[in-house]
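**Student:** Pasting input26.pdb here (PDB, C-alpha atoms):
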ATOM      1  CA  MET A 203     -16.120 -43.373  43.450
ATOM      2  CA  LYS A 204     -15.040 -46.937  42.787
ATOM      3  CA  ALA A 205     -17.342 -49.364  41.040
ATOM      4  CA  THR A 206     -18.146 -52.532  42.929
ATOM      5  CA  ALA A 207     -17.167 -55.860  41.386
ATOM      6  CA  ALA A 208     -19.945 -57.455  39.348
ATOM      7  CA  LEU A 209     -21.416 -60.630  40.816
ATOM      8  CA  ALA A 210     -22.199 -63.672  38.709
ATOM      9  CA  GLY A 211     -25.660 -63.709  37.208
ATOM     10  CA  ILE A 212     -27.696 -61.323  35.125
ATOM     11  CA  TYR A 213     -29.100 -57.990  36.277
ATOM     12  CA  SER A 214     -32.516 -56.586  35.472
ATOM     13  CA  MET A 215     -32.758 -53.015  34.210
ATOM     14  CA  THR A 216     -35.809 -52.389  36.421
ATOM     15  CA  GLY A 217     -35.331 -50.996  39.900
ATOM     16  CA  PHE A 218     -35.878 -48.194  42.408
ATOM     17  CA  ALA A 219     -33.716 -46.915  45.255
ATOM     18  CA  GLN A 220     -33.607 -44.012  47.669
ATOM     19  CA  ALA A 221     -30.831 -42.806  49.982
ATOM     20  CA  ARG A 222     -30.428 -39.923  52.420
ATOM     21  CA  VAL A 223     -27.247 -38.495  53.976
ATOM     22  CA  GLU A 224     -27.266 -35.800  56.674
ATOM     23  CA  ARG A 225     -24.176 -33.783  57.581
ATOM     24  CA  GLU A 226     -23.750 -30.541  59.531
ATOM     25  CA  GLY A 227     -27.514 -30.187  59.743
ATOM     26  CA  SER A 228     -28.033 -30.321  55.958
ATOM     27  CA  SER A 229     -29.646 -33.220  54.126
ATOM     28  CA  VAL A 230     -29.111 -34.689  50.645
ATOM     29  CA  ARG A 231     -31.638 -37.203  49.302
ATOM     30  CA  ILE A 232     -31.307 -39.047  45.978
ATOM     31  CA  ASN A 233     -33.966 -41.138  44.240
ATOM     32  CA  LEU A 234     -33.000 -43.521  41.424
ATOM     33  CA  ARG A 235     -35.532 -45.196  39.148
ATOM     34  CA  SER A 236     -34.527 -47.353  36.185
ATOM     35  CA  VAL A 237     -36.403 -49.177  33.416
ATOM     36  CA  ASN A 238     -35.265 -51.026  30.306
ATOM     37  CA  HIS A 239     -33.552 -49.174  27.456
ATOM     38  CA  ARG A 240     -31.189 -50.176  24.665
ATOM     39  CA  PHE A 241     -28.438 -47.956  26.065
ATOM     40  CA  LEU A 242     -27.670 -46.049  29.272
ATOM     41  CA  ASP A 243     -29.998 -43.038  29.226
ATOM     42  CA  LEU A 244     -29.599 -40.683  32.233
ATOM     43  CA  HIS A 245     -32.086 -37.967  33.195
ATOM     44  CA  LEU A 246     -31.024 -35.703  36.092
ATOM     45  CA  ARG A 247     -33.121 -33.297  38.155
ATOM     46  CA  MET A 248     -31.216 -31.242  40.723
ATOM     47  CA  PRO A 249     -31.576 -28.055  42.794
ATOM     48  CA  ASP A 250     -30.179 -24.785  41.490
ATOM     49  CA  GLY A 251     -26.428 -24.670  41.986
ATOM     50  CA  PHE A 252     -25.912 -28.424  41.833
ATOM     51  CA  GLU A 253     -24.834 -28.219  38.186
ATOM     52  CA  VAL A 254     -21.229 -28.243  39.445
ATOM     53  CA  PHE A 255     -21.778 -31.867  40.516
ATOM     54  CA  GLU A 256     -23.527 -33.072  37.335
ATOM     55  CA  SER A 257     -20.475 -34.504  35.550
ATOM     56  CA  ARG A 258     -19.368 -36.364  38.696
ATOM     57  CA  ILE A 259     -22.851 -37.813  39.189
ATOM     58  CA  ARG A 260     -23.103 -38.954  35.563
ATOM     59  CA  GLN A 261     -19.641 -40.551  35.577
ATOM     60  CA  THR A 262     -20.303 -42.374  38.835
ATOM     61  CA  ILE A 263     -23.513 -43.869  37.449
ATOM     62  CA  ARG A 264     -21.783 -44.848  34.184
ATOM     63  CA  ASN A 265     -19.170 -46.706  36.224
ATOM     64  CA  ARG A 266     -21.887 -48.808  37.848
ATOM     65  CA  LEU A 267     -24.636 -49.224  35.239
ATOM     66  CA  ARG A 268     -24.397 -50.230  31.592
ATOM     67  CA  ARG A 269     -27.951 -50.069  30.238
ATOM     68  CA  GLY A 270     -31.326 -48.659  31.185
ATOM     69  CA  HIS A 271     -33.299 -45.435  31.308
ATOM     70  CA  VAL A 272     -32.376 -43.968  34.698
ATOM     71  CA  ASP A 273     -34.150 -41.050  36.360
ATOM     72  CA  VAL A 274     -31.982 -39.338  38.990
ATOM     73  CA  ASN A 275     -33.681 -36.901  41.380
ATOM     74  CA  VAL A 276     -31.493 -34.975  43.842
ATOM     75  CA  TYR A 277     -33.064 -33.089  46.763
ATOM     76  CA  TYR A 278     -31.297 -30.755  49.195
ATOM     77  CA  GLU A 279     -32.369 -29.308  52.549
ATOM     78  CA  PRO A 280     -29.958 -26.748  54.033
ATOM     79  CA  GLY A 281     -29.109 -26.819  57.701
ATOM     80  CA  GLY A 282     -30.598 -24.310  60.177
ATOM     81  CA  THR A 283     -33.115 -21.597  59.449
ATOM     82  CA  GLY A 284     -30.632 -19.483  57.499
ATOM     83  CA  LYS A 285     -31.002 -15.835  56.656
ATOM     84  CA  ILE A 286     -33.379 -14.439  54.091
ATOM     85  CA  GLU A 287     -31.752 -11.743  51.982
ATOM     86  CA  VAL A 288     -33.578  -9.024  50.050
ATOM     87  CA  ASN A 289     -32.200  -7.687  46.800
ATOM     88  CA  ARG A 290     -32.550  -3.995  47.654
ATOM     89  CA  GLU A 291     -31.430  -2.741  44.248
ATOM     90  CA  LEU A 292     -34.064  -4.811  42.518
ATOM     91  CA  VAL A 293     -36.713  -3.704  45.016
ATOM     92  CA  GLU A 294     -35.793  -0.066  44.341
ATOM     93  CA  SER A 295     -36.187  -0.636  40.600
ATOM     94  CA  TYR A 296     -39.632  -2.202  41.121
ATOM     95  CA  MET A 297     -40.715   0.652  43.433
ATOM     96  CA  ASN A 298     -39.548   3.312  40.972
ATOM     97  CA  ALA A 299     -41.484   1.595  38.201
ATOM     98  CA  VAL A 300     -44.591   1.454  40.410
ATOM     99  CA  GLU A 301     -44.254   5.122  41.325
ATOM    100  CA  ARG A 302     -43.969   6.156  37.676
ATOM    101  CA  LEU A 303     -47.092   4.162  36.789
ATOM    102  CA  ARG A 304     -49.027   5.668  39.730
ATOM    103  CA  LYS A 305     -48.253   9.185  38.534
ATOM    104  CA  GLU A 306     -48.927   8.405  34.884
ATOM    105  CA  TYR A 307     -52.318   6.825  35.525
ATOM    106  CA  SER A 308     -53.235   8.752  38.696
ATOM    107  CA  VAL A 309     -53.437   5.610  40.826
ATOM    108  CA  LYS A 310     -53.607   6.243  44.579
ATOM    109  CA  THR A 311     -53.285   2.609  45.734
ATOM    110  CA  GLU A 312     -50.150   1.954  47.787
ATOM    111  CA  PRO A 313     -47.765  -0.885  46.713
ATOM    112  CA  ASP A 314     -48.401  -4.288  48.321
ATOM    113  CA  LEU A 315     -45.181  -5.375  50.045
ATOM    114  CA  VAL A 316     -46.284  -9.021  50.267
ATOM    115  CA  ALA A 317     -46.907  -9.052  46.525
ATOM    116  CA  LEU A 318     -43.523  -7.363  46.038
ATOM    117  CA  PHE A 319     -41.765 -10.208  47.864
ATOM    118  CA  ARG A 320     -43.295 -12.652  45.371
ATOM    119  CA  LEU A 321     -41.647 -10.981  42.391
ATOM    120  CA  PRO A 322     -38.711 -12.905  40.818
ATOM    121  CA  GLY A 323     -35.329 -12.249  42.416
ATOM    122  CA  VAL A 324     -36.546 -10.041  45.281
ATOM    123  CA  VAL A 325     -36.021 -12.599  48.057
ATOM    124  CA  ALA A 326     -33.113 -15.055  48.178
ATOM    125  CA  ALA A 327     -33.885 -17.900  50.567
ATOM    126  CA  PRO A 328     -31.099 -20.077  51.989
ATOM    127  CA  GLY A 329     -30.392 -23.119  49.842
ATOM    128  CA  ALA A 330     -27.927 -24.857  47.550
ATOM    129  CA  ALA A 331     -26.856 -21.688  45.730
ATOM    130  CA  SER A 332     -25.905 -19.882  48.932
ATOM    131  CA  ASP A 333     -24.252 -22.973  50.403
ATOM    132  CA  LEU A 334     -21.973 -23.235  47.361
ATOM    133  CA  GLN A 335     -20.487 -19.758  47.687
ATOM    134  CA  SER A 336     -17.158 -21.011  49.082
ATOM    135  CA  GLU A 337     -14.958 -23.722  47.593
ATOM    136  CA  GLU A 338     -14.643 -25.384  50.989
ATOM    137  CA  ARG A 339     -18.401 -25.651  51.393
ATOM    138  CA  GLN A 340     -18.745 -26.833  47.796
ATOM    139  CA  GLU A 341     -16.221 -29.626  48.410
ATOM    140  CA  ARG A 342     -17.994 -30.771  51.589
ATOM    141  CA  LEU A 343     -21.355 -30.749  49.862
ATOM    142  CA  GLY A 344     -19.871 -32.651  46.901
ATOM    143  CA  GLU A 345     -18.633 -35.378  49.257
ATOM    144  CA  GLN A 346     -22.092 -35.541  50.829
ATOM    145  CA  VAL A 347     -23.688 -35.949  47.384
ATOM    146  CA  GLU A 348     -21.191 -38.690  46.451
ATOM    147  CA  ALA A 349     -21.840 -40.604  49.670
ATOM    148  CA  CYS A 350     -25.590 -40.408  49.110
ATOM    149  CA  LEU A 351     -25.276 -41.481  45.469
ATOM    150  CA  GLU A 352     -23.079 -44.424  46.474
ATOM    151  CA  GLN A 353     -25.723 -45.651  48.916
ATOM    152  CA  ALA A 354     -28.499 -45.211  46.356
ATOM    153  CA  LEU A 355     -26.555 -47.098  43.681
ATOM    154  CA  ASN A 356     -25.827 -49.963  46.076
ATOM    155  CA  LYS A 357     -29.538 -50.301  46.824
ATOM    156  CA  LEU A 358     -30.459 -50.021  43.132
ATOM    157  CA  GLU A 359     -27.945 -52.708  42.154
ATOM    158  CA  ALA A 360     -29.262 -54.986  44.902
ATOM    159  CA  MET A 361     -32.801 -54.619  43.583
ATOM    160  CA  ARG A 362     -31.718 -55.047  39.961
ATOM    161  CA  ARG A 363     -29.805 -58.185  40.908
ATOM    162  CA  SER A 364     -32.829 -59.574  42.779
ATOM    163  CA  GLU A 365     -35.023 -58.872  39.750
ATOM    164  CA  GLY A 366     -32.349 -60.490  37.582
ATOM    165  CA  GLN A 367     -32.462 -63.669  39.647
ATOM    166  CA  ALA A 368     -36.225 -63.837  39.188
ATOM    167  CA  LEU A 369     -35.812 -63.314  35.429
ATOM    168  CA  THR A 370     -33.165 -66.062  35.340
ATOM    169  CA  GLY A 371     -35.523 -68.548  36.983
ATOM    170  CA  GLU A 372     -38.320 -67.758  34.533
ATOM    171  CA  MET A 373     -36.060 -67.955  31.474
ATOM    172  CA  GLN A 374     -34.423 -71.196  32.625
ATOM    173  CA  GLY A 375     -37.858 -72.801  32.853
ATOM    174  CA  ILE A 376     -38.762 -71.691  29.324
ATOM    175  CA  LEU A 377     -35.334 -72.753  28.054
ATOM    176  CA  GLU A 378     -35.854 -76.272  29.396
ATOM    177  CA  GLN A 379     -39.083 -76.479  27.413
ATOM    178  CA  VAL A 380     -37.193 -75.500  24.255
ATOM    179  CA  ALA A 381     -34.597 -78.207  24.938
ATOM    180  CA  GLU A 382     -37.252 -80.861  25.576
ATOM    181  CA  ARG A 383     -39.218 -79.993  22.455
ATOM    182  CA  THR A 384     -36.042 -79.965  20.381
ATOM    183  CA  ALA A 385     -35.292 -83.513  21.595
ATOM    184  CA  GLU A 386     -38.837 -84.605  20.710
ATOM    185  CA  ILE A 387     -38.492 -83.151  17.210
ATOM    186  CA  GLU A 388     -35.209 -85.039  16.762
ATOM    187  CA  THR A 389     -36.892 -88.310  17.720
ATOM    188  CA  LEU A 390     -39.760 -87.689  15.329
ATOM    189  CA  THR A 391     -37.489 -86.827  12.402
ATOM    190  CA  GLU A 392     -35.931 -90.313  12.633
ATOM    191  CA  ARG A 393     -39.338 -91.775  11.837
ATOM    192  CA  VAL A 394     -40.103 -89.362   8.998
ATOM    193  CA  ARG A 395     -37.983 -91.008   6.283
ATOM    194  CA  PRO A 396     -39.984 -94.302   6.164
ATOM    195  CA  ALA A 397     -43.187 -92.252   6.237
ATOM    196  CA  ILE A 398     -41.973 -90.229   3.251
ATOM    197  CA  ALA A 399     -41.265 -93.423   1.256
ATOM    198  CA  ARG A 400     -44.645 -94.866   2.154
ATOM    199  CA  ARG A 401     -46.522 -91.689   1.252
ATOM    200  CA  LEU A 402     -44.581 -91.378  -2.019
ATOM    201  CA  ALA A 403     -45.387 -94.953  -2.989
ATOM    202  CA  GLU A 404     -49.073 -94.473  -2.244
ATOM    203  CA  ARG A 405     -49.175 -91.303  -4.285
ATOM    204  CA  LEU A 406     -47.388 -92.865  -7.260
ATOM    205  CA  GLU A 407     -49.629 -95.921  -7.219
ATOM    206  CA  GLU A 408     -52.630 -93.648  -7.291
ATOM    207  CA  LEU A 409     -51.242 -91.710 -10.228
ATOM    208  CA  LEU A 410     -49.932 -94.676 -12.242
ATOM    209  CA  LYS A 411     -52.971 -96.882 -11.537
ATOM    210  CA  GLY A 412     -51.343-100.264 -11.154
ATOM    211  CA  VAL A 413     -48.202 -99.705 -13.220
ATOM    212  CA  GLN A 414     -45.303-101.489 -11.482
ATOM    213  CA  LEU A 415     -42.852 -99.137  -9.750
ATOM    214  CA  ASP A 416     -39.079 -99.365  -9.909
ATOM    215  CA  PRO A 417     -37.966 -99.873  -6.262
ATOM    216  CA  ILE A 418     -34.558 -98.251  -6.925
ATOM    217  CA  ARG A 419     -36.125 -95.132  -8.451
ATOM    218  CA  LEU A 420     -38.635 -95.020  -5.623
ATOM    219  CA  ALA A 421     -35.798 -95.180  -3.084
ATOM    220  CA  GLN A 422     -33.932 -92.405  -4.888
ATOM    221  CA  GLU A 423     -36.976 -90.125  -4.928
ATOM    222  CA  ALA A 424     -37.650 -90.844  -1.263
ATOM    223  CA  ALA A 425     -34.023 -90.112  -0.376
ATOM    224  CA  LEU A 426     -34.126 -86.823  -2.296
ATOM    225  CA  LEU A 427     -37.325 -85.768  -0.578
ATOM    226  CA  ALA A 428     -35.927 -86.772   2.804
ATOM    227  CA  GLU A 429     -32.756 -84.747   2.171
ATOM    228  CA  ARG A 430     -34.822 -81.669   1.376
ATOM    229  CA  SER A 431     -36.672 -82.219   4.644
ATOM    230  CA  ASP A 432     -33.540 -82.930   6.737
ATOM    231  CA  VAL A 433     -33.458 -80.645   9.804
ATOM    232  CA  SER A 434     -30.515 -82.235  11.619
ATOM    233  CA  GLU A 435     -28.332 -79.124  11.202
ATOM    234  CA  GLU A 436     -31.063 -76.823  12.463
ATOM    235  CA  LEU A 437     -31.612 -79.049  15.492
ATOM    236  CA  ALA A 438     -27.880 -79.164  16.242
ATOM    237  CA  ARG A 439     -27.624 -75.372  16.082
ATOM    238  CA  LEU A 440     -30.717 -74.979  18.245
ATOM    239  CA  ARG A 441     -29.193 -77.277  20.899
ATOM    240  CA  SER A 442     -25.981 -75.245  20.754
ATOM    241  CA  HIS A 443     -27.891 -71.978  21.157
ATOM    242  CA  VAL A 444     -29.735 -73.359  24.186
ATOM    243  CA  GLU A 445     -26.419 -74.255  25.819
ATOM    244  CA  GLN A 446     -24.971 -70.797  25.058
ATOM    245  CA  PHE A 447     -28.089 -69.229  26.541
ATOM    246  CA  ARG A 448     -27.580 -71.180  29.775
ATOM    247  CA  LYS A 449     -23.980 -69.966  30.025
ATOM    248  CA  LEU A 450     -24.999 -66.345  29.502
ATOM    249  CA  LEU A 451     -27.604 -66.592  32.256
ATOM    250  CA  ALA A 452     -24.862 -67.719  34.643
ATOM    251  CA  SER A 453     -22.273 -65.175  33.506
ATOM    252  CA  ALA A 454     -21.416 -61.784  35.004
ATOM    253  CA  GLY A 455     -21.587 -58.453  33.239
ATOM    254  CA  GLU A 456     -23.724 -57.158  30.403
ATOM    255  CA  ALA A 457     -25.642 -60.050  28.821
ATOM    256  CA  GLY A 458     -28.807 -58.439  27.450
ATOM    257  CA  LYS A 459     -27.515 -57.618  23.965
ATOM    258  CA  LYS A 460     -25.915 -61.063  23.601
ATOM    259  CA  LEU A 461     -29.147 -62.756  24.631
ATOM    260  CA  ASP A 462     -31.085 -60.677  22.124
ATOM    261  CA  PHE A 463     -28.734 -61.678  19.286
ATOM    262  CA  LEU A 464     -28.871 -65.347  20.340
ATOM    263  CA  LEU A 465     -32.662 -65.279  20.371
ATOM    264  CA  GLN A 466     -32.676 -63.942  16.812
ATOM    265  CA  GLU A 467     -30.586 -66.954  15.757
ATOM    266  CA  MET A 468     -32.884 -69.346  17.645
ATOM    267  CA  GLN A 469     -35.925 -67.828  15.965
ATOM    268  CA  ARG A 470     -34.271 -68.278  12.574
ATOM    269  CA  GLU A 471     -33.670 -71.998  13.254
ATOM    270  CA  ALA A 472     -37.272 -72.458  14.387
ATOM    271  CA  ASN A 473     -38.550 -70.816  11.197
ATOM    272  CA  THR A 474     -36.365 -73.114   9.090
ATOM    273  CA  LEU A 475     -37.725 -76.137  10.982
ATOM    274  CA  LEU A 476     -41.245 -75.119  10.034
ATOM    275  CA  SER A 477     -40.382 -74.487   6.376
ATOM    276  CA  LYS A 478     -38.644 -77.877   5.966
ATOM    277  CA  THR A 479     -41.133 -79.985   7.909
ATOM    278  CA  PRO A 480     -42.978 -82.305   5.508
ATOM    279  CA  GLY A 481     -46.699 -82.727   5.916
ATOM    280  CA  VAL A 482     -46.318 -86.511   6.185
ATOM    281  CA  GLU A 483     -48.834 -88.300   8.356
ATOM    282  CA  SER A 484     -48.762 -87.825  12.116
ATOM    283  CA  GLU A 485     -44.980 -87.333  12.422
ATOM    284  CA  GLY A 486     -44.926 -84.247  10.213
ATOM    285  CA  LEU A 487     -47.922 -82.732  11.993
ATOM    286  CA  ALA A 488     -46.306 -83.401  15.366
ATOM    287  CA  ILE A 489     -43.028 -81.753  14.278
ATOM    288  CA  THR A 490     -44.947 -78.721  13.026
ATOM    289  CA  GLY A 491     -46.779 -78.440  16.339
ATOM    290  CA  LEU A 492     -43.560 -78.710  18.333
ATOM    291  CA  ALA A 493     -41.764 -76.173  16.122
ATOM    292  CA  LEU A 494     -44.627 -73.719  16.677
ATOM    293  CA  GLU A 495     -44.300 -74.259  20.436
ATOM    294  CA  VAL A 496     -40.553 -73.602  20.184
ATOM    295  CA  LYS A 497     -41.233 -70.335  18.333
ATOM    296  CA  SER A 498     -43.684 -69.334  21.058
ATOM    297  CA  ASP A 499     -41.137 -70.155  23.788
ATOM    298  CA  ILE A 500     -38.454 -68.128  22.025
ATOM    299  CA  GLU A 501     -40.807 -65.138  21.851
ATOM    300  CA  LYS A 502     -41.424 -65.439  25.598
ATOM    301  CA  LEU A 503     -37.668 -65.484  26.166
ATOM    302  CA  ARG A 504     -37.302 -62.384  23.988
ATOM    303  CA  GLU A 505     -39.865 -60.504  26.110
ATOM    304  CA  GLN A 506     -37.975 -61.414  29.295
ATOM    305  CA  ALA A 507     -34.578 -60.630  27.806
ATOM    306  CA  GLN A 508     -35.710 -57.061  27.047
ATOM    307  CA  ASN A 509     -35.304 -56.341  30.769
ATOM    308  CA  VAL A 510     -31.788 -57.778  31.084
ATOM    309  CA  GLU A 511     -28.892 -55.333  31.426
TER     310      GLU A 511
END
Go ahead and render the structure in this file as structure tokens.

**Tutor:**
Amino acid sequence: MKATAALAGIYSMTGFAQARVEREGSSVRINLRSVNHRFLDLHLRMPDGFEVFESRIRQTIRNRLRRGHVDVNVYYEPGGTGKIEVNRELVESYMNAVERLRKEYSVKTEPDLVALFRLPGVVAAPGAASDLQSEERQERLGEQVEACLEQALNKLEAMRRSEGQALTGEMQGILEQVAERTAEIETLTERVRPAIARRLAERLEELLKGVQLDPIRLAQEAALLAERSDVSEELARLRSHVEQFRKLLASAGEAGKKLDFLLQEMQREANTLLSKTPGVESEGLAITGLALEVKSDIEKLREQAQNVE
């Protein structure tokens, strides 16, 4: 089967789909259910005899999906009533064993034929195993399975894309909050330097008790303290990460791992903002509050990104 071209936008790893294909009186039904997972993790359940199709089913799904825990359930209903066959050799073995036990223990009870039919291997009902006896029938059934799987995958991708669009909307809203708070922090940092000088002067006056201060030395100390508290690089990187995040949300293909890595970098910048923010009057407290909000927003983005393929 050929993989369909990926459409722009992210895909969720959560979805469910069901398809059914009937041919020559027989029916194949496939259920697909997927949830988030770091890699592509396939779990197949199929009727006896369908093992010959397992590699084709797995490869087809790998061609269409990149990540997620996917449960694949295949059901088969043969056409017509079919013919029930009895394994006469096995029945004879069971009857001989029963007869020996009757004689050994002097049991007069006659064997129960209904109970005999329930024993393993006695009755072979029509189904996948019997339908796969010939190569021709196997090929036709394989084509039926492929057609059903194709329909199921199309439906699953449609649902995963729809879920992805919803995730995109939610993450874009949170991302805008990060951008706005980053801009507010940048504005506040421009007012921090004078506040640092003022706070330093007040503290020195308190310690020196009226001793005249050297304005040049005071300016140098204020500049040094301001440099240690400079967060311009962190803010620039955070703005860059926000822009990269927007591009990934609009891109096609596998974006989940890239988003996860980007969020780790954004969290690192937010932590640095908090560690370098000076506790200077209202500006420093405001920056701290905004940086905490940014960290919270990034954590919300991380939770959403866990579901992105």

**Student:** Nearest to Ser484 of chain A: which of A:Arg504, A:Arg393, A:Arg302, A:Lys449 is it, counting all atoms listed in the file?

**Tutor:**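 Nearest candidate to Ser484 of chain A out of A:Arg504, A:Arg393, A:Arg302, A:Lys449: A:Arg393.
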
**Student:** Take the PyMOL selection byres ((chain A and resi 432-445) around 8), run it mentally on this structure, and tell me the resulting residues as number ranges by chain.

**Tutor:** A: 377, 380-381, 384, 388, 391, 428-431, 446-449, 464, 467-468, 471-472, 474-475, 478-479

**Student:** Kindly extract all protein, DNA and RNA residues lying within 6 Å of the coordinates (-31.5, -43.4, 45.5) given in the file, considering only C-alpha atoms, and supply them as a ChimeraX atom specification.

**Tutor:** /A:219-221,232-234,354

**Student:** Taking the file as I've supplied it (selection: the PyMOL selection byres ((chain A and resi 490) around 9)), which residues are included? Please answer as a VMD selection string.

**Tutor:** chain A and resid 387 475 to 476 479 to 481 485 to 489 491 to 495

**Student:** Write out as an MDAnalysis selection string which residues come within 8 Å of Ser228 of chain A when counting only C-alpha atoms, dropping same-chain ones fewer than 2 positions away.

**Tutor:** chainID A and resid 224:226 230 278:282

**Student:** Considering all atoms listed in the file, can you say which of A:Gln340, A:Thr370, A:Gln469, A:Ser236 comes closest to Val274 of chain A?

**Tutor:**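 Among the listed residues, the smallest separation from Val274 of chain A belongs to A:Ser236.
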
**Student:** Which distance in Å separates atom CA of Gly227 of chain A and atom CA of Glu359 of chain A, to one decimal?

**Tutor:**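 For atom CA of Gly227 of chain A relative to atom CA of Glu359 of chain A, the distance reads 28.6 Å.
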
**Student:** Apply the PyMOL selection byres ((chain A and resi 245-260) around 8) to the file shown and report the selected residues as number ranges by chain.

**Tutor:** A: 243-244, 261-264, 271-278, 330-331, 334, 344, 348, 351

**Student:** Do you know which residues are at most 12 Å from Leu450 of chain A counting only C-alpha atoms, after dropping those on the same chain fewer than 5 positions away, and could you put them as a PyMOL selection string?

**Tutor:** chain A and resi 210-213+370+373-374+443-445+455-465+507+510-511

**Student:** One number please: atom CA of Arg268 of chain A to atom CA of Lys502 of chain A, in Å, one decimal.

**Tutor:** 23.6 Å

**Student:** Measuring between all atoms listed in the file, which one of A:Arg363, A:Ser295, A:Glu501, A:Ser453 shows the shortest distance to Gln466 of chain A?

**Tutor:**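 Distance minimum relative to Gln466 of chain A lands on A:Glu501.
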
**Student:** Between A:Arg304, A:Arg320, A:Arg222, A:His239, which residue has the minimum interatomic distance to Asn509 of chain A, considering all atoms listed in the file?

**Tutor:**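 Among the listed residues, the smallest separation from Asn509 of chain A belongs to A:His239.
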
**Student:** What gap, in Å, lies between atom CA of Met215 of chain A and atom CA of Glu345 of chain A?

**Tutor:**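 Interatomic distance here is 27.1 Å.
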
**Student:** What are the centre and edge lengths in Å, to one decimal, of the axis-aligned box around all listed atoms of segment 259-277 of chain A with 6 Å added on each side, as JSON?

**Tutor:**
{"center_x": -26.7, "center_y": -41.7, "center_z": 38.5, "size_x": 27.0, "size_y": 29.1, "size_z": 28.5}

**Student:** Could you tell me which of A:Asn238, A:Asn298, A:Asn289, A:Gln379 comes closest to Glu505 of chain A if we count only C-alpha atoms?

**Tutor:**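 Once distances to Glu505 of chain A are computed over only C-alpha atoms, the minimum belongs to A:Asn238.
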
**Student:** As an NGL selection string, please: the residues near Val293 of chain A (cut-off 8 Å, only C-alpha atoms, same-chain neighbours under 4 positions excluded).

**Tutor:** :A and (288-289 or 297 or 318 or 324)

**Student:** With the input short on atoms, add all heavy atoms back to segment 270-274 of chain A and write it as a compact mmCIF listing (two decimals), in the frame of the given file.

**Tutor:**
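Output file result_20.txt follows:
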# COMPACT_ATOMS: atom_id res chain seq x y z
N GLY A 270 -30.12 -49.02 30.48
CA GLY A 270 -31.33 -48.66 31.18
C GLY A 270 -31.61 -47.17 31.12
O GLY A 270 -30.69 -46.35 31.02
N HIS A 271 -32.89 -46.83 31.17
CA HIS A 271 -33.30 -45.44 31.31
C HIS A 271 -33.35 -45.15 32.81
O HIS A 271 -34.13 -45.75 33.54
CB HIS A 271 -34.67 -45.22 30.68
CG HIS A 271 -35.26 -43.86 30.93
ND1 HIS A 271 -35.16 -42.83 30.03
CD2 HIS A 271 -35.92 -43.37 32.00
CE1 HIS A 271 -35.75 -41.77 30.53
NE2 HIS A 271 -36.23 -42.07 31.73
N VAL A 272 -32.52 -44.23 33.26
CA VAL A 272 -32.38 -43.97 34.70
C VAL A 272 -32.76 -42.52 35.00
O VAL A 272 -32.17 -41.58 34.47
CB VAL A 272 -30.93 -44.23 35.18
CG1 VAL A 272 -30.85 -44.05 36.71
CG2 VAL A 272 -30.48 -45.64 34.80
N ASP A 273 -33.77 -42.37 35.86
CA ASP A 273 -34.15 -41.05 36.36
C ASP A 273 -33.45 -40.81 37.69
O ASP A 273 -33.56 -41.63 38.62
CB ASP A 273 -35.66 -40.96 36.57
CG ASP A 273 -36.42 -40.87 35.25
OD1 ASP A 273 -35.96 -40.13 34.36
OD2 ASP A 273 -37.45 -41.55 35.11
N VAL A 274 -32.73 -39.69 37.78
CA VAL A 274 -31.98 -39.34 38.99
C VAL A 274 -32.55 -38.03 39.54
O VAL A 274 -32.48 -36.99 38.88
CB VAL A 274 -30.47 -39.16 38.69
CG1 VAL A 274 -29.70 -38.89 39.97
CG2 VAL A 274 -29.92 -40.38 37.96
